[in-house]
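One file, final-v7.txt, is given below (compact mmCIF, C-alpha atoms).
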# COMPACT_ATOMS: atom_id res chain seq x y z
CA MET A 25 5.72 6.42 19.29
CA ASN A 26 6.19 10.06 18.37
CA PRO A 27 5.55 12.02 21.63
CA LEU A 28 4.04 14.85 19.58
CA ARG A 29 1.48 12.54 17.95
CA PRO A 30 -1.44 13.17 20.39
CA ALA A 31 -1.08 16.93 20.07
CA ILE A 32 -0.78 16.79 16.29
CA LEU A 33 -3.82 14.53 15.97
CA ALA A 34 -5.80 16.80 18.26
CA ALA A 35 -5.09 19.57 15.75
CA ALA A 36 -6.85 17.49 13.07
CA GLY A 37 -10.16 18.22 14.78
CA SER A 38 -9.46 21.85 15.61
CA SER A 39 -11.31 24.29 13.37
CA ARG A 40 -9.19 27.12 14.77
CA MET A 41 -5.96 25.36 13.82
CA LYS A 42 -7.36 24.47 10.42
CA ASP A 43 -8.18 28.12 9.71
CA ALA A 44 -4.72 29.19 10.83
CA VAL A 45 -2.92 26.67 8.60
CA THR A 46 -5.07 26.99 5.51
CA ARG A 47 -4.83 30.79 5.53
CA VAL A 48 -1.03 30.78 5.36
CA PRO A 49 -0.29 31.78 1.73
CA VAL A 50 2.48 29.22 1.27
CA THR A 51 0.56 26.24 2.66
CA ALA A 52 -0.93 25.13 -0.67
CA ALA A 53 2.49 24.78 -2.27
CA VAL A 54 3.74 22.65 0.62
CA VAL A 55 0.62 20.48 0.67
CA ARG A 56 1.34 19.43 -2.91
CA ARG A 57 4.13 17.25 -1.51
CA PHE A 58 1.45 14.93 -0.10
CA VAL A 59 -1.74 15.82 -2.03
CA ALA A 60 -2.02 15.65 -5.83
CA GLY A 61 -4.06 18.81 -6.25
CA GLU A 62 -7.62 19.82 -5.50
CA THR A 63 -9.27 18.71 -8.78
CA ARG A 64 -9.31 15.68 -11.06
CA ALA A 65 -7.66 17.81 -13.72
CA GLU A 66 -4.67 18.16 -11.38
CA LEU A 67 -4.80 14.54 -10.22
CA VAL A 68 -4.90 12.69 -13.54
CA PRO A 69 -1.42 13.72 -14.79
CA VAL A 70 0.04 12.58 -11.45
CA ALA A 71 -1.69 9.20 -11.78
CA ARG A 72 -0.46 8.84 -15.36
CA GLU A 73 3.13 9.57 -14.35
CA LEU A 74 3.02 6.95 -11.60
CA LEU A 75 1.46 4.36 -13.90
CA ALA A 76 4.15 5.05 -16.49
CA SER A 77 6.80 4.35 -13.83
CA GLY A 78 5.45 0.83 -13.32
CA ARG A 79 3.52 1.58 -10.17
CA ALA A 80 -0.20 1.02 -9.60
CA VAL A 81 -2.39 3.69 -7.98
CA SER A 82 -5.20 3.97 -5.46
CA VAL A 83 -6.90 7.37 -5.50
CA ASP A 84 -8.79 8.93 -2.60
CA PHE A 85 -11.14 11.87 -3.12
CA LEU A 86 -10.65 13.50 0.24
CA GLY A 87 -13.68 13.92 2.45
CA GLU A 88 -15.18 12.31 5.53
CA TYR A 89 -17.86 12.68 8.19
CA THR A 90 -20.45 13.91 5.69
CA THR A 91 -23.38 15.55 7.47
CA GLU A 92 -25.65 16.38 4.53
CA HIS A 93 -27.21 14.17 1.87
CA VAL A 94 -26.15 16.55 -0.88
CA GLN A 95 -22.52 16.13 0.16
CA ALA A 96 -22.76 12.36 -0.09
CA ASP A 97 -24.36 12.66 -3.53
CA ALA A 98 -21.56 14.97 -4.64
CA ALA A 99 -18.92 12.50 -3.42
CA VAL A 100 -20.57 9.66 -5.34
CA ALA A 101 -20.74 11.76 -8.51
CA GLU A 102 -17.05 12.66 -8.17
CA TYR A 103 -16.07 9.03 -7.68
CA LEU A 104 -18.08 7.92 -10.72
CA SER A 105 -16.20 10.43 -12.87
CA LEU A 106 -12.92 9.50 -11.19
CA ILE A 107 -13.38 5.83 -12.06
CA ASP A 108 -13.87 6.77 -15.72
CA ASP A 109 -10.81 9.05 -15.75
CA LEU A 110 -8.57 6.47 -14.08
CA ALA A 111 -9.71 3.71 -16.43
CA GLU A 112 -8.93 5.89 -19.43
CA ALA A 113 -5.52 6.80 -18.02
CA ASP A 114 -4.73 3.13 -17.51
CA GLN A 115 -5.81 2.20 -21.04
CA MET A 116 -3.15 4.57 -22.38
CA MET A 117 -0.41 2.51 -20.71
CA PRO A 118 1.26 -0.62 -22.12
CA GLY A 119 -0.16 -3.86 -20.79
CA ALA A 120 -3.56 -2.49 -19.83
CA HIS A 121 -6.23 -4.84 -18.41
CA THR A 122 -3.96 -7.02 -16.33
CA ASP A 123 -5.60 -9.54 -13.99
CA ILE A 124 -4.81 -7.27 -11.04
CA PRO A 125 -6.19 -3.80 -11.87
CA ARG A 126 -3.52 -1.13 -11.78
CA VAL A 127 -6.04 1.56 -10.90
CA GLU A 128 -8.18 1.65 -7.81
CA VAL A 129 -10.26 4.11 -5.82
CA SER A 130 -10.17 4.35 -2.04
CA LEU A 131 -13.21 5.70 -0.23
CA LYS A 132 -14.55 6.29 3.24
CA LEU A 133 -18.09 5.23 4.06
CA SER A 134 -18.56 8.38 6.13
CA ALA A 135 -18.06 10.36 2.91
CA LEU A 136 -20.82 8.29 1.29
CA GLY A 137 -23.37 9.08 3.99
CA GLN A 138 -22.69 6.58 6.77
CA SER A 139 -23.25 9.27 9.41
CA LEU A 140 -26.54 10.62 8.01
CA GLY A 141 -28.66 9.61 10.97
CA GLN A 142 -30.52 6.34 11.30
CA ASP A 143 -30.61 5.79 7.53
CA GLY A 144 -26.91 6.57 7.12
CA PRO A 145 -25.56 2.99 6.96
CA ALA A 146 -28.15 2.05 4.31
CA ILE A 147 -27.38 5.18 2.29
CA ALA A 148 -23.65 4.46 2.40
CA ALA A 149 -24.21 0.82 1.45
CA GLU A 150 -26.32 1.85 -1.54
CA ASN A 151 -23.69 4.33 -2.67
CA LEU A 152 -20.92 1.76 -2.22
CA HIS A 153 -22.87 -0.67 -4.43
CA LYS A 154 -23.27 1.99 -7.09
CA LEU A 155 -19.54 2.69 -7.16
CA CYS A 156 -18.57 -0.99 -7.16
CA ALA A 157 -20.90 -1.64 -10.10
CA LYS A 158 -19.25 1.19 -12.01
CA ALA A 159 -15.80 -0.12 -11.07
CA VAL A 160 -16.62 -3.55 -12.51
CA GLU A 161 -17.53 -1.95 -15.84
CA ARG A 162 -14.21 -0.11 -16.01
CA HIS A 163 -11.87 -2.80 -14.59
CA VAL A 164 -11.10 -0.70 -11.51
CA TRP A 165 -10.74 -1.91 -7.93
CA VAL A 166 -12.26 -0.38 -4.78
CA THR A 167 -10.90 -0.37 -1.24
CA VAL A 168 -12.94 0.88 1.70
CA ASP A 169 -10.70 2.93 3.98
CA ALA A 170 -10.57 2.59 7.75
CA GLU A 171 -11.70 5.48 9.92
CA ASP A 172 -11.82 5.91 13.70
CA HIS A 173 -12.69 2.87 15.81
CA SER A 174 -16.36 3.83 16.24
CA THR A 175 -16.96 3.08 12.55
CA THR A 176 -15.02 -0.20 12.33
CA ALA A 177 -17.84 -2.67 12.96
CA GLY A 178 -20.19 -0.87 10.58
CA THR A 179 -17.54 -0.65 7.88
CA LEU A 180 -16.66 -4.35 8.10
CA GLU A 181 -20.33 -5.31 7.93
CA ALA A 182 -20.94 -3.09 4.89
CA VAL A 183 -17.94 -4.64 3.13
CA ARG A 184 -19.08 -8.16 4.05
CA GLN A 185 -22.49 -7.55 2.52
CA ALA A 186 -21.11 -5.89 -0.62
CA ARG A 187 -18.65 -8.74 -1.19
CA THR A 188 -21.50 -11.15 -1.88
CA GLU A 189 -21.72 -9.39 -5.26
CA PHE A 190 -18.25 -7.88 -5.49
CA PRO A 191 -15.84 -10.45 -3.97
CA TRP A 192 -12.79 -8.41 -4.97
CA LEU A 193 -13.81 -5.49 -2.73
CA ALA A 194 -11.11 -4.68 -0.16
CA VAL A 195 -11.06 -3.11 3.27
CA ALA A 196 -8.32 -1.44 5.31
CA LEU A 197 -7.39 -2.91 8.69
CA GLN A 198 -5.56 -0.82 11.31
CA THR A 199 -3.20 -2.81 13.50
CA TYR A 200 -3.10 -0.32 16.37
CA LEU A 201 -6.60 -1.51 17.26
CA ARG A 202 -6.50 -4.24 19.89
CA ARG A 203 -8.89 -6.51 17.98
CA ALA A 204 -6.92 -6.30 14.74
CA GLU A 205 -5.52 -9.84 14.82
CA ASP A 206 -8.94 -11.44 15.36
CA ARG A 207 -10.38 -9.34 12.56
CA ALA A 208 -7.48 -10.29 10.29
CA ARG A 209 -8.29 -13.97 10.90
CA ASP A 210 -11.96 -13.41 10.09
CA LEU A 211 -11.18 -11.46 6.92
CA ALA A 212 -8.62 -14.02 5.78
CA ALA A 213 -11.11 -16.84 6.33
CA ASP A 214 -13.64 -15.00 4.16
CA GLY A 215 -11.06 -14.45 1.42
CA THR A 216 -11.28 -10.68 1.77
CA ARG A 217 -8.61 -8.52 0.20
CA VAL A 218 -7.03 -6.57 3.07
CA ARG A 219 -4.96 -3.39 3.15
CA LEU A 220 -2.89 -3.68 6.32
CA CYS A 221 -1.86 -0.36 7.89
CA LYS A 222 -0.84 0.75 11.36
CA GLY A 223 -3.51 3.41 11.90
CA ALA A 224 -3.75 7.17 11.85
CA TYR A 225 -6.41 8.35 14.32
CA GLN A 226 -6.33 9.43 17.95
CA GLU A 227 -7.88 6.51 19.84
CA PRO A 228 -8.41 5.71 23.55
CA ALA A 229 -6.08 3.18 25.14
CA THR A 230 -9.06 0.91 25.81
CA VAL A 231 -9.36 0.11 22.10
CA ALA A 232 -5.92 0.87 20.66
CA TYR A 233 -2.28 0.22 21.43
CA ARG A 234 -0.35 3.37 22.26
CA ARG A 235 3.25 2.17 22.27
CA ARG A 236 5.06 1.82 18.95
CA ALA A 237 6.42 -1.61 19.86
CA GLU A 238 2.88 -2.87 20.52
CA VAL A 239 1.57 -1.50 17.23
CA ASP A 240 4.49 -3.05 15.34
CA ALA A 241 4.02 -6.42 17.05
CA SER A 242 0.32 -6.35 16.14
CA TYR A 243 1.22 -5.50 12.54
CA LEU A 244 3.58 -8.47 12.34
CA ARG A 245 0.98 -10.85 13.80
CA CYS A 246 -1.64 -9.66 11.32
CA LEU A 247 0.85 -9.87 8.48
CA ASP A 248 1.56 -13.49 9.34
CA VAL A 249 -2.18 -14.25 9.38
CA LEU A 250 -2.73 -12.66 5.98
CA PHE A 251 0.21 -14.35 4.26
CA ARG A 252 -0.89 -17.73 5.58
CA GLY A 253 -4.55 -17.45 4.67
CA ALA A 254 -5.71 -14.32 2.85
CA TRP A 255 -6.10 -13.56 -0.81
CA TYR A 256 -3.68 -10.93 -2.09
CA PRO A 257 -2.34 -9.20 1.06
CA MET A 258 -1.61 -5.48 0.70
CA ILE A 259 1.22 -4.23 2.90
CA ALA A 260 0.56 -0.53 3.47
CA SER A 261 3.68 0.59 5.31
CA HIS A 262 6.82 2.66 4.85
CA ASP A 263 8.55 0.90 7.74
CA PRO A 264 11.60 -1.04 6.48
CA ALA A 265 11.09 -3.66 9.22
CA MET A 266 7.53 -4.37 8.05
CA ILE A 267 8.64 -4.51 4.41
CA ASP A 268 11.43 -6.97 5.23
CA ALA A 269 9.02 -9.08 7.28
CA ALA A 270 6.57 -9.20 4.36
CA LEU A 271 9.30 -10.31 1.97
CA ALA A 272 10.37 -13.05 4.38
CA LEU A 273 6.78 -14.26 4.85
CA ALA A 274 6.27 -14.29 1.08
CA ILE A 275 9.23 -16.65 0.69
CA GLU A 276 8.13 -18.78 3.63
CA ASN A 277 4.62 -19.17 2.20
CA HIS A 278 5.77 -19.69 -1.41
CA CYS A 279 4.14 -16.48 -2.64
CA ASN A 280 5.16 -15.04 -5.99
CA PRO A 281 5.64 -11.26 -6.40
CA GLY A 282 2.22 -11.00 -8.09
CA ASP A 283 0.45 -12.65 -5.14
CA PHE A 284 0.68 -9.57 -2.92
CA GLU A 285 1.52 -5.89 -3.16
CA PHE A 286 3.15 -3.11 -1.22
CA GLN A 287 1.39 0.22 -0.79
CA MET A 288 2.90 3.59 0.05
CA LEU A 289 1.64 7.15 0.24
CA TYR A 290 2.12 9.70 -2.48
CA GLY A 291 5.08 11.92 -1.67
CA ILE A 292 6.72 9.57 0.83
CA ARG A 293 9.78 7.35 0.16
CA ASP A 294 9.69 7.67 -3.61
CA ALA A 295 13.13 6.10 -3.98
CA GLU A 296 12.03 3.06 -1.96
CA GLN A 297 8.92 2.76 -4.12
CA ARG A 298 11.06 2.69 -7.24
CA ARG A 299 13.47 0.21 -5.68
CA LEU A 300 10.70 -2.28 -4.92
CA VAL A 301 9.28 -1.95 -8.42
CA ALA A 302 12.74 -2.44 -9.95
CA GLY A 303 13.03 -5.61 -7.86
CA GLY A 304 9.92 -7.04 -9.52
CA HIS A 305 7.46 -6.33 -6.73
CA SER A 306 3.98 -4.86 -7.13
CA LEU A 307 3.59 -1.45 -5.51
CA ARG A 308 0.54 0.79 -5.37
CA VAL A 309 0.70 4.48 -4.52
CA TYR A 310 -2.12 5.96 -2.45
CA ILE A 311 -2.89 9.35 -4.00
CA PRO A 312 -5.24 11.81 -2.28
CA TYR A 313 -6.76 14.86 -3.92
CA GLY A 314 -9.49 17.38 -3.21
CA THR A 315 -10.11 20.51 -1.18
CA GLN A 316 -10.62 18.71 2.14
CA TRP A 317 -6.93 17.96 2.61
CA TYR A 318 -6.42 19.35 6.12
CA GLY A 319 -7.34 16.25 8.16
CA TYR A 320 -5.38 13.98 5.85
CA LEU A 321 -2.30 16.19 6.02
CA VAL A 322 -2.34 16.38 9.82
CA ARG A 323 -2.56 12.58 10.13
CA ARG A 324 0.46 12.23 7.82
CA LEU A 325 2.41 14.69 9.95
CA ALA A 326 1.53 12.73 13.09
CA GLU A 327 2.75 9.44 11.68
CA ARG A 328 6.39 10.40 11.22
CA PRO A 329 8.40 13.22 12.82
CA ALA A 330 10.27 13.55 9.51
CA ASN A 331 7.02 14.59 7.82
CA LEU A 332 6.42 17.31 10.41
CA ALA A 333 10.00 18.55 10.12
CA PHE A 334 9.67 18.70 6.34
CA PHE A 335 6.43 20.67 6.58
CA LEU A 336 7.81 23.19 9.05
CA ARG A 337 11.04 23.66 7.08
CA ALA A 338 9.10 24.16 3.86
CA LEU A 339 6.85 26.76 5.48
CA ALA A 340 9.90 28.60 6.84
CA ASP A 341 11.68 28.47 3.47
CA ARG A 342 8.68 29.78 1.55
CA ALA A 343 7.59 32.41 4.04

Translate the structure described by the file into structure tokens.
Amino acid sequence: MNPLRPAILAAAGSSRMKDAVTRVPVTAAVVRRFVAGETRAELVPVARELLASGRAVSVDFLGEYTTEHVQADAAVAEYLSLIDDLAEADQMMPGAHTDIPRVEVSLKLSALGQSLGQDGPAIAAENLHKLCAKAVERHVWVTVDAEDHSTTAGTLEAVRQARTEFPWLAVALQTYLRRAEDRARDLAADGTRVRLCKGAYQEPATVAYRRRAEVDASYLRCLDVLFRGAWYPMIASHDPAMIDAALALAIENHCNPGDFEFQMLYGIRDAEQRRLVAGGHSLRVYIPYGTQWYGYLVRRLAERPANLAFFLRALADRA
């Protein structure tokens, strides 16, 4: 694992570091490598371009750990408009309204009010229902993102309850958590659509694997579980070893290319994204946008040293 990862992730929660980075005049231009703008007006053309290239999209309006009711309401309002805009962008493309929606929104329950005191989980669940109902109307999917380990149980329970009405609702599962394989089995048994990722938060060793080999081994075990029993696995990884393993498991379990999908982040491994699409595989690009990009950016830098090197080089070049 990247030895700089703990320090980089610690910076994600540092208001002092955030102020220092966001005040650098050239930062905004560099951030656009990973974030598709701060507004929907900036996002939509990016989504259209990706859809036109044969890729699907999952859009995240950045924001988490909401502490005020008005912020949660604003996030819901933005997502409602986002669902409309994405549906309209998709309708402009050939072959619209496929069985597997090509447009999706990704959201965090903490942005919908999960942390608003004792009533937070109920508020978030109500807001999630509202967004899922809107998504059904517009033929858009929804995935509930993973956050730090303290929210995992609450997130899985909220998704379980919502799936009684919206069985297509998906949830992200982080394989650096030690209980990931057991949770993968439970989700597969329930027929839940799962986005499998390695994880991007700073977690204690008591709940999360720290060594890269352990995280990778957990990913492969979970991947095997999903391909053997889940509906529509979603392989969210840029790691060539994980991609090759998914392709091998698909063959072993007689899965067609439309039975699963790969997912990659906006701005990372674009050539590999295009290669997979050219090979007939489904690939969805995770596109973030919004003003609260700092935490997201820092987690991306922590995941791969190449991302950090790119960021620092770009800052030096533009300074």

Query - Interatomic distance (Å, one decimal) between atom CA of Val160 of chain A and atom CA of Val81 of chain A - result: 16.6 Å

Query raised in the report: What is the distance between atom CA of Leu300 of chain A and atom CA of Arg252 of chain A, in Å to one decimal?
Result: 22.0 Å

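Proximity of A:Arg245, A:Arg236, A:Ala149, A:Ser77 to Ala295 of chain A, computed with only C-alpha atoms, is greatest for A:Ser77.
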
Query - Expected answer as a ChimeraX atom specification: all residues with atoms within 12 Å of (-14.8, -2.5, -20.0), all atoms listed in the file - result: /A:107-108,111-112,114-115,120-121,125,157-164

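Nearest-residue note for Thr90 of chain A: choosing from A:Ile147, A:Val129, A:Leu247, A:Ala65, the minimum distance belongs to A:Ile147, counting all atoms listed in the file.
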
Query raised in the report: Taking into account all atoms listed in the file, which residue in the set A:Ile292, A:Ala101, A:Val309, A:Ala113 is nearest to Arg56 of chain A?
Result: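 Ranked by minimum distance to Arg56 of chain A, first place goes to A:Ile292.
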
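Interatomic distance, atom CA of His278 of chain A against atom CA of Glu238 of chain A: 27.8 Å.
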
Query raised in the report: At a cut-off of 6 Å from (-1.8, -0.2, 1.3) in the coordinates of the file, what residues are picked up using only C-alpha atoms, written as a list of chain:residue names?
Result: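 These residues have at least one counted atom within 6 Å: A:Arg219, A:Met258, A:Ile259, A:Ala260, A:Gln287.
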
Query raised in the report: Could you name the residues that touch segment 170-177 of chain A at 7 Å or less, counting only C-alpha atoms, but leaving out those on the same chain fewer than 5 positions away, as a VMD selection string?
Result: chain A and resid 196 to 197 225

Report task. Between A:Arg203, A:Arg184, A:Arg308, A:Gly319, single out the one closest to Tyr89 of chain A, counting only C-alpha atoms. Result ->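 Residue with the minimum atom-to-atom distance to Tyr89 of chain A: A:Gly319.
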